[in-house]
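Source file: start11.txt. Holds: compact mmCIF, C-alpha atoms and all ligand atoms.
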```txt
# COMPACT_ATOMS: atom_id res chain seq x y z
CA MET A 233 6.88 -26.62 9.31
CA THR A 234 4.57 -26.14 6.32
CA LEU A 235 3.59 -22.71 5.10
CA GLN A 236 0.00 -23.32 6.04
CA ALA A 237 0.93 -24.18 9.60
CA LYS A 238 2.58 -20.75 9.89
CA GLY A 239 -0.57 -18.97 8.74
CA PHE A 240 -1.86 -17.79 5.42
CA VAL A 241 -0.27 -14.32 5.69
CA ASP A 242 3.14 -15.94 5.16
CA GLU A 243 1.93 -17.19 1.80
CA MET A 244 0.56 -13.76 0.93
CA ARG A 245 3.88 -12.18 1.83
CA MET A 246 5.85 -14.70 -0.23
CA VAL A 247 3.80 -13.98 -3.33
CA SER A 248 4.19 -10.23 -2.79
CA MET A 249 7.93 -10.41 -2.32
CA ARG A 250 8.25 -12.27 -5.63
CA LEU A 251 6.79 -9.22 -7.33
CA HIS A 252 9.49 -6.88 -5.99
CA THR A 253 12.72 -6.35 -7.88
CA ARG A 254 16.02 -7.10 -6.13
CA GLU A 255 16.68 -3.37 -6.12
CA GLN A 256 13.44 -2.68 -4.27
CA ALA A 257 13.84 -5.37 -1.63
CA ARG A 258 16.49 -7.92 -0.73
CA GLU A 259 13.95 -10.73 -1.04
CA GLY A 260 12.67 -9.47 -4.39
CA GLU A 261 12.69 -11.88 -7.31
CA LYS A 262 11.14 -9.92 -10.17
CA LYS A 263 13.71 -9.80 -12.95
CA GLU A 264 12.18 -7.20 -15.19
CA VAL A 265 13.03 -3.60 -14.33
CA LYS A 266 10.37 -1.71 -16.25
CA GLY A 267 10.55 1.81 -14.94
CA PRO A 268 12.35 4.00 -12.42
CA GLN A 269 9.99 2.84 -9.66
CA ASP A 270 11.51 -0.66 -10.00
CA ARG A 271 14.93 0.73 -9.10
CA SER A 272 16.31 1.28 -5.63
CA VAL A 273 14.48 4.11 -3.88
CA SER A 274 17.85 5.76 -3.18
CA LYS A 275 18.22 6.29 -6.95
CA TRP A 276 14.84 7.98 -7.30
CA ASP A 277 14.60 11.56 -8.35
CA PRO A 278 11.19 12.56 -6.96
CA THR A 279 9.34 15.85 -7.36
CA ILE A 280 7.08 17.55 -4.82
CA VAL A 281 4.26 17.91 -7.31
CA GLY A 282 4.46 14.23 -8.18
CA TYR A 283 4.61 13.31 -4.50
CA LEU A 284 1.53 15.42 -3.76
CA ARG A 285 -0.34 13.60 -6.52
CA PHE A 286 0.76 10.32 -4.99
CA LEU A 287 -0.55 11.40 -1.56
CA VAL A 288 -3.87 12.59 -2.98
CA GLU A 289 -4.44 9.36 -4.92
CA SER A 290 -3.31 7.21 -1.97
CA LYS A 291 -5.79 8.98 0.31
CA LEU A 292 -8.64 8.02 -2.00
CA VAL A 293 -7.66 4.38 -1.66
CA TYR A 294 -7.40 4.59 2.14
CA ASP A 295 -10.75 6.41 2.28
CA ALA A 296 -12.30 3.52 0.35
CA LEU A 297 -10.65 0.74 2.39
CA GLU A 298 -11.54 2.39 5.68
CA CYS A 299 -15.10 3.18 4.64
CA ILE A 300 -15.65 -0.40 3.42
CA VAL A 301 -14.59 -2.05 6.66
CA ASP A 302 -16.40 0.53 8.80
CA LYS A 303 -19.71 0.36 6.99
CA SER A 304 -19.94 -3.29 6.11
CA ASP A 305 -22.34 -5.66 7.81
CA PHE A 306 -20.09 -8.63 7.14
CA PRO A 307 -18.45 -9.86 10.35
CA TYR A 308 -15.25 -10.53 8.39
CA TYR A 309 -14.82 -6.85 7.70
CA ALA A 310 -15.54 -5.87 11.28
CA GLU A 311 -12.33 -7.75 12.18
CA LEU A 312 -10.41 -5.32 10.02
CA ARG A 313 -11.63 -2.17 11.79
CA ASN A 314 -9.35 -0.10 14.02
CA THR A 315 -6.17 -1.93 13.12
CA GLY A 316 -4.09 1.13 13.98
CA LEU A 317 -2.81 1.18 10.40
CA GLU A 318 -5.55 3.53 9.09
CA ARG A 319 -4.03 6.38 7.09
CA SER A 320 -6.88 8.46 5.80
CA GLU A 321 -6.94 11.01 8.62
CA GLN A 322 -3.16 11.31 8.72
CA LEU A 323 -2.98 11.92 4.98
CA GLY A 324 -5.67 14.58 5.34
CA ARG A 325 -3.50 16.34 7.93
CA ASP A 326 -0.41 16.06 5.71
CA LEU A 327 -2.26 17.60 2.77
CA GLU A 328 -3.38 20.44 5.03
CA TRP A 329 0.25 20.98 6.02
CA PHE A 330 1.33 21.20 2.37
CA LYS A 331 -1.47 23.68 1.81
CA SER A 332 -0.28 25.79 4.74
CA GLN A 333 3.16 25.84 3.12
CA GLY A 334 1.70 27.35 -0.03
CA TYR A 335 1.44 24.25 -2.21
CA GLY A 336 -1.60 23.72 -4.40
CA ILE A 337 -3.24 20.38 -3.71
CA PRO A 338 -3.99 18.62 -6.98
CA GLY A 339 -7.41 17.12 -7.62
CA PRO A 340 -7.81 13.39 -8.12
CA SER A 341 -6.68 12.36 -11.56
CA GLY A 342 -7.56 8.76 -12.17
CA PRO A 343 -5.67 5.88 -10.56
CA GLY A 344 -6.88 6.47 -7.00
CA VAL A 345 -10.48 6.86 -8.14
CA ASN A 346 -10.25 3.73 -10.27
CA TYR A 347 -8.71 1.72 -7.49
CA ALA A 348 -11.26 2.92 -4.93
CA PHE A 349 -14.09 1.97 -7.30
CA TYR A 350 -12.57 -1.45 -7.91
CA LEU A 351 -12.24 -2.05 -4.16
CA GLN A 352 -15.86 -1.03 -3.54
CA GLN A 353 -17.04 -3.53 -6.12
CA LEU A 354 -14.75 -6.28 -4.87
CA SER A 355 -15.76 -5.84 -1.24
CA ALA A 356 -19.37 -6.69 -2.05
CA LYS A 357 -18.68 -9.87 -3.96
CA ASP A 358 -15.18 -11.24 -3.45
CA LEU A 359 -13.80 -11.32 0.09
CA PRO A 360 -10.60 -13.27 -0.75
CA ALA A 361 -9.58 -10.79 -3.46
CA PHE A 362 -10.48 -7.84 -1.23
CA ILE A 363 -8.33 -9.16 1.61
CA CYS A 364 -5.40 -9.40 -0.79
CA HIS A 365 -5.64 -5.69 -1.57
CA PHE A 366 -6.22 -4.77 2.06
CA TYR A 367 -3.10 -6.64 3.13
CA ASN A 368 -0.86 -5.42 0.34
CA PHE A 369 -1.85 -1.78 0.46
CA TYR A 370 -1.35 -1.37 4.21
CA PHE A 371 1.80 -3.45 4.45
CA ALA A 372 3.40 -1.88 1.38
CA HIS A 373 3.05 1.52 3.02
CA THR A 374 4.86 0.38 6.15
CA ALA A 375 7.73 -1.18 4.16
CA GLY A 376 8.56 0.39 0.78
CA GLY A 377 6.21 3.29 1.51
CA ARG A 378 8.26 4.35 4.50
CA MET A 379 11.50 4.11 2.50
CA ILE A 380 9.94 6.36 -0.11
CA GLY A 381 8.74 8.81 2.54
CA LYS A 382 12.21 9.01 4.05
CA THR A 383 13.84 9.63 0.68
CA VAL A 384 11.34 12.32 -0.28
CA ALA A 385 11.64 13.99 3.13
CA GLU A 386 15.43 14.06 2.84
CA LYS A 387 15.58 15.22 -0.74
CA LEU A 388 12.67 17.63 -0.86
CA LEU A 389 11.11 18.41 2.51
CA ASN A 390 14.01 19.32 4.76
CA LYS A 391 13.45 16.02 6.63
CA LYS A 392 9.87 16.92 7.60
CA ASP A 393 8.22 13.94 9.33
CA LEU A 394 4.80 13.54 7.75
CA GLU A 395 1.87 12.21 9.78
CA CYS A 396 1.25 9.34 7.38
CA TYR A 397 4.54 7.78 8.50
CA LYS A 398 3.67 7.89 12.20
CA TRP A 399 1.69 5.25 14.05
CA ASP A 400 0.26 5.23 17.57
CA GLY A 401 2.21 2.55 19.39
CA GLU A 402 4.83 0.14 18.17
CA LEU A 403 4.47 -0.48 14.45
CA LYS A 404 5.94 -3.97 14.68
CA GLN A 405 3.20 -5.00 17.11
CA ILE A 406 0.46 -3.27 15.09
CA LEU A 407 1.55 -5.20 11.98
CA GLN A 408 1.66 -8.46 13.90
CA ASN A 409 -1.86 -7.84 15.21
CA LEU A 410 -3.14 -7.41 11.65
CA ARG A 411 -1.29 -10.53 10.49
CA ASP A 412 -3.01 -12.43 13.31
CA LYS A 413 -6.41 -11.05 12.33
CA ILE A 414 -5.95 -11.95 8.67
CA ASN A 415 -4.78 -15.41 9.64
CA LYS A 416 -7.94 -15.75 11.73
CA VAL A 417 -10.27 -14.48 8.99
CA THR A 418 -8.71 -16.81 6.42
CA LEU A 419 -8.51 -19.87 8.65
CA GLY A 420 -11.64 -21.48 7.26
CA TRP A 421 -10.91 -20.76 3.61
CA THR A 422 -10.65 -23.56 1.10
CA ARG A 423 -7.45 -23.96 -0.89
CA GLU A 424 -9.33 -22.59 -3.86
CA GLU A 425 -10.25 -19.39 -2.02
CA LYS A 426 -6.67 -18.99 -0.81
CA ASN A 427 -5.29 -19.41 -4.31
CA HIS A 428 -7.80 -16.92 -5.60
CA CYS A 429 -6.62 -14.42 -2.99
CA LEU A 430 -2.96 -14.99 -3.89
CA GLU A 431 -3.69 -14.62 -7.60
CA GLU A 432 -5.01 -11.13 -6.95
CA THR A 433 -1.58 -9.95 -5.74
CA GLU A 434 -0.39 -9.02 -9.19
CA ARG A 435 -3.41 -6.78 -9.70
CA SER A 436 -2.77 -5.15 -6.35
CA PHE A 437 0.77 -4.31 -7.50
CA LYS A 438 -0.57 -2.97 -10.79
CA TYR A 439 -3.03 -0.61 -9.06
CA SER A 440 -0.49 0.53 -6.48
CA GLY A 441 2.18 0.91 -9.17
CA ASP A 442 -0.08 3.28 -11.09
CA ILE A 443 -0.23 5.49 -8.01
CA LEU A 444 3.45 5.15 -7.08
CA ARG A 445 4.55 6.24 -10.51
CA PHE A 446 3.20 9.71 -9.86
CA ILE A 447 6.13 10.39 -7.56
CA LEU A 448 8.50 10.04 -10.47
CA SER A 449 6.41 11.34 -13.33
CA PRO A 450 7.17 14.70 -14.90
CA ALA A 451 5.65 17.38 -12.68
CA SER A 452 3.89 19.12 -15.51
CA THR A 453 1.92 16.12 -16.74
CA GLY A 454 1.59 13.68 -13.84
CA ALA A 455 1.78 11.19 -16.68
CA HIS A 456 1.24 7.53 -16.08
CA THR A 457 0.05 4.58 -18.13
C1 LIG B 501 9.03 1.20 -4.97
C2 LIG B 501 8.25 0.29 -4.58
C3 LIG B 501 8.51 -0.64 -3.43
C4 LIG B 501 9.60 -0.80 -2.64
C5 LIG B 501 10.90 -0.05 -2.68
C6 LIG B 501 9.29 -1.86 -1.70
C7 LIG B 501 10.15 -2.32 -0.73
C8 LIG B 501 9.88 -3.32 0.17
C9 LIG B 501 10.80 -3.87 1.13
C10 LIG B 501 12.24 -3.45 1.35
C11 LIG B 501 10.16 -4.83 1.83
C12 LIG B 501 10.75 -5.75 2.90
C13 LIG B 501 10.39 -5.27 4.24
C14 LIG B 501 10.86 -6.27 5.30
O1 LIG B 501 10.24 -7.31 5.50
O2 LIG B 501 11.87 -5.99 5.90
C15 LIG B 501 8.81 -4.87 1.30
C16 LIG B 501 7.84 -5.67 1.81
C17 LIG B 501 6.57 -5.71 1.33
N1 LIG B 501 6.06 -5.00 0.27
FE1 LIG B 501 7.04 -3.68 -0.88
N2 LIG B 501 8.03 -2.30 -1.93
C18 LIG B 501 7.52 -1.58 -2.99
C19 LIG B 501 6.29 -1.70 -3.55
C20 LIG B 501 5.31 -2.54 -3.09
C21 LIG B 501 4.00 -2.67 -3.67
C22 LIG B 501 3.50 -1.91 -4.90
C23 LIG B 501 3.32 -3.57 -2.92
C24 LIG B 501 1.93 -4.05 -3.04
C25 LIG B 501 0.91 -3.29 -3.32
C26 LIG B 501 4.22 -4.02 -1.86
C27 LIG B 501 3.90 -4.93 -0.88
C28 LIG B 501 4.75 -5.37 0.10
C29 LIG B 501 4.40 -6.33 1.14
C30 LIG B 501 3.06 -6.96 1.36
C31 LIG B 501 5.54 -6.53 1.91
C32 LIG B 501 5.68 -7.44 3.14
C33 LIG B 501 5.66 -6.57 4.37
C34 LIG B 501 5.82 -7.33 5.68
O3 LIG B 501 5.83 -8.54 5.72
O4 LIG B 501 5.93 -6.65 6.72
N3 LIG B 501 5.41 -3.37 -2.01
N4 LIG B 501 8.67 -3.94 0.30
```
Please express the file's structure as structure tokens.
Amino acid sequence: MTLQAKGFVDEMRMVSMRLHTREQAREGEKKEVKGPQDRSVSKWDPTIVGYLRFLVESKLVYDALECIVDKSDFPYYAELRNTGLERSEQLGRDLEWFKSQGYGIPGPSGPGVNYAFYLQQLSAKDLPAFICHFYNFYFAHTAGGRMIGKTVAEKLLNKKDLECYKWDGELKQILQNLRDKINKVTLGWTREEKNHCLEETERSFKYSGDILRFILSPASTGAHT
């Protein structure tokens, strides 16, 4: 069976998996281990302040993605509404919980704002590239994102189950429904449009990486490059 016969999402996934290190995921192929975030999550040494920054920046990206598909007149985007993977509300509740525990919630400090702005621009002019980010951001959260959440909860939060790691219904089915929708939306794309979408994957990793790094950056600076 060819890749195309299986649906375009399989191609998207293959390209994404190539950008993981072996330590991050069994299927990972990226050789270069640049920073601690490229190492196995079990070896991470996260901080609460860094994690809070990560949650704040991530929420900005979800706000943007969810606002784009909700507001847009394009029928393509309407397909991406109410997937069950939305995280904006859940992250809002988690941040409220941290506040109730006495933590100060940091203000946005760059990467989330930049990424949200980039997505807004992309959504108006480049559907294939936008879909690449949409797919990667939501799926990353359900895979590596959940591993990260579990590690942080065990190491720092007395195993507290945050809302952003809970979904209504069976996650496996919710993910499959989105795969089906993306396969449907991309069905009529030319090879050129598909390649353009796949080429955007690296940028999606770069933007997400800038946010992920907060978890491991020194608490006092929230430094990232
Ligand atoms: C520390 C960082 C990361 C870790 C530890 C990690 C780990 C993983 C693992 C273990 C899987 C395999 C899940 C499975 O099929 O069983 C996976 C899948 C995936 N990851 Fe990551 N990942 C990380 C970062 C990212 C980033 C930055 C992106 C893109 C923005 C990304 C996008 C994806 C996608 C699209 C899949 C496929 C999910 C699916 O088919 O259900 N990951 N990741």
All residues within 6 Å of ligand LIG 501 (chain B) are required, counting all atoms listed in the file; please report them as a list in words.
->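 My answer, listing the contacting residues, is Arg245, Ser248, Gln256, Ala257, Gln269, Asp270, Val273, Asn368, Phe369, Phe371, Ala372, Ala375, Gly376, Ser436, Phe437, Ser440 and Gly441 of chain A.
For the choices A:Ile380, A:Ile406, A:Cys429, A:Met249, the atom-to-atom distance to Asn314 (chain A) is smallest for A:Ile406 when using only C-alpha atoms.
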All residues 9 Å or closer to Glu395 (chain A), all atoms listed in the file, same chain fewer than 2 positions away omitted, as a list in words |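 The residues that qualify are Arg319, Glu321, Gln322, Leu323, Arg325, Asp326, Asp393, Tyr397, Lys398 and Trp399 of chain A.
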Report as CSV: every residue of region 309-399 of chain A with an atom at most 9 Å from region 296-300 of chain A, its closest pair of atoms, and their distance in Å to one decimal, counting only C-alpha atoms, with rows sorted by chain and ascending residue number.
```
residue,atom,partner,partner_atom,distance
A:Tyr309,CA,A:Ile300,CA,7.8
A:Leu312,CA,A:Glu298,CA,8.9
A:Arg313,CA,A:Glu298,CA,7.6
A:Asn314,CA,A:Glu298,CA,9.0
A:Glu318,CA,A:Glu298,CA,7.0
A:Arg319,CA,A:Glu298,CA,8.6
A:Ser320,CA,A:Glu298,CA,7.7
A:Tyr347,CA,A:Ala296,CA,8.8
A:Ala348,CA,A:Ala296,CA,5.4
A:Phe349,CA,A:Ala296,CA,8.0
A:Leu351,CA,A:Ala296,CA,7.2
A:Gln352,CA,A:Ala296,CA,7.0
A:Ser355,CA,A:Ile300,CA,7.2
A:Phe366,CA,A:Leu297,CA,7.1
```
Near Ile337 (chain A), within 12 Å and counting all atoms listed in the file, which residues show up once chain neighbours fewer than 6 positions away are dropped, as a list in words?
-> Ile280, Val281, Gly282, Tyr283, Leu284, Arg285, Phe286, Leu287, Val288, Glu289, Gly324, Asp326, Leu327, Glu328, Trp329, Phe330 and Lys331 of chain A
Extract, using all atoms listed in the file, all DNA, RNA and protein residues at most 10 Å from Leu251 (chain A), discarding same-chain residues fewer than 3 positions from it, and format them as number ranges by chain.
-> A: 246-248, 254, 256-257, 259-264, 433-434, 437
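Going from CA of Ser449 (chain A) over to CA of Thr279 (chain A), you cover 8.0 Å.
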Please, what distance in Å, to one decimal, runs between CA of Pro278 (chain A) and CA of Val384 (chain A)?
-> 6.7 Å
Around the point (17.0, 15.2, -1.2), in the coordinates given by the file, pick out the residues reaching within 10 Å, counting all atoms listed in the file, and return them as a VMD selection string.
-> chain A and resid 274 276 to 279 382 to 391
Please dump the current selection as a PDB file, in the frame of the given file; keep C-alpha atoms.
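Wrote selection08.pdb, looks like this:
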```
ATOM      1  CA  SER A 274      17.850   5.760  -3.180  1.00  0.00           C
ATOM      2  CA  TRP A 276      14.840   7.980  -7.300  1.00  0.00           C
ATOM      3  CA  ASP A 277      14.600  11.560  -8.350  1.00  0.00           C
ATOM      4  CA  PRO A 278      11.190  12.560  -6.960  1.00  0.00           C
ATOM      5  CA  THR A 279       9.340  15.850  -7.360  1.00  0.00           C
ATOM      6  CA  LYS A 382      12.210   9.010   4.050  1.00  0.00           C
ATOM      7  CA  THR A 383      13.840   9.630   0.680  1.00  0.00           C
ATOM      8  CA  VAL A 384      11.340  12.320  -0.280  1.00  0.00           C
ATOM      9  CA  ALA A 385      11.640  13.990   3.130  1.00  0.00           C
ATOM     10  CA  GLU A 386      15.430  14.060   2.840  1.00  0.00           C
ATOM     11  CA  LYS A 387      15.580  15.220  -0.740  1.00  0.00           C
ATOM     12  CA  LEU A 388      12.670  17.630  -0.860  1.00  0.00           C
ATOM     13  CA  LEU A 389      11.110  18.410   2.510  1.00  0.00           C
ATOM     14  CA  ASN A 390      14.010  19.320   4.760  1.00  0.00           C
ATOM     15  CA  LYS A 391      13.450  16.020   6.630  1.00  0.00           C
TER      16      LYS A 391
END
```
Quick one: pull the distance between CA of Tyr350 (chain A) and CA of Leu394 (chain A), Å, one decimal.
->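 Atom-to-atom, CA of Tyr350 (chain A) and CA of Leu394 (chain A) are spaced 27.8 Å apart.
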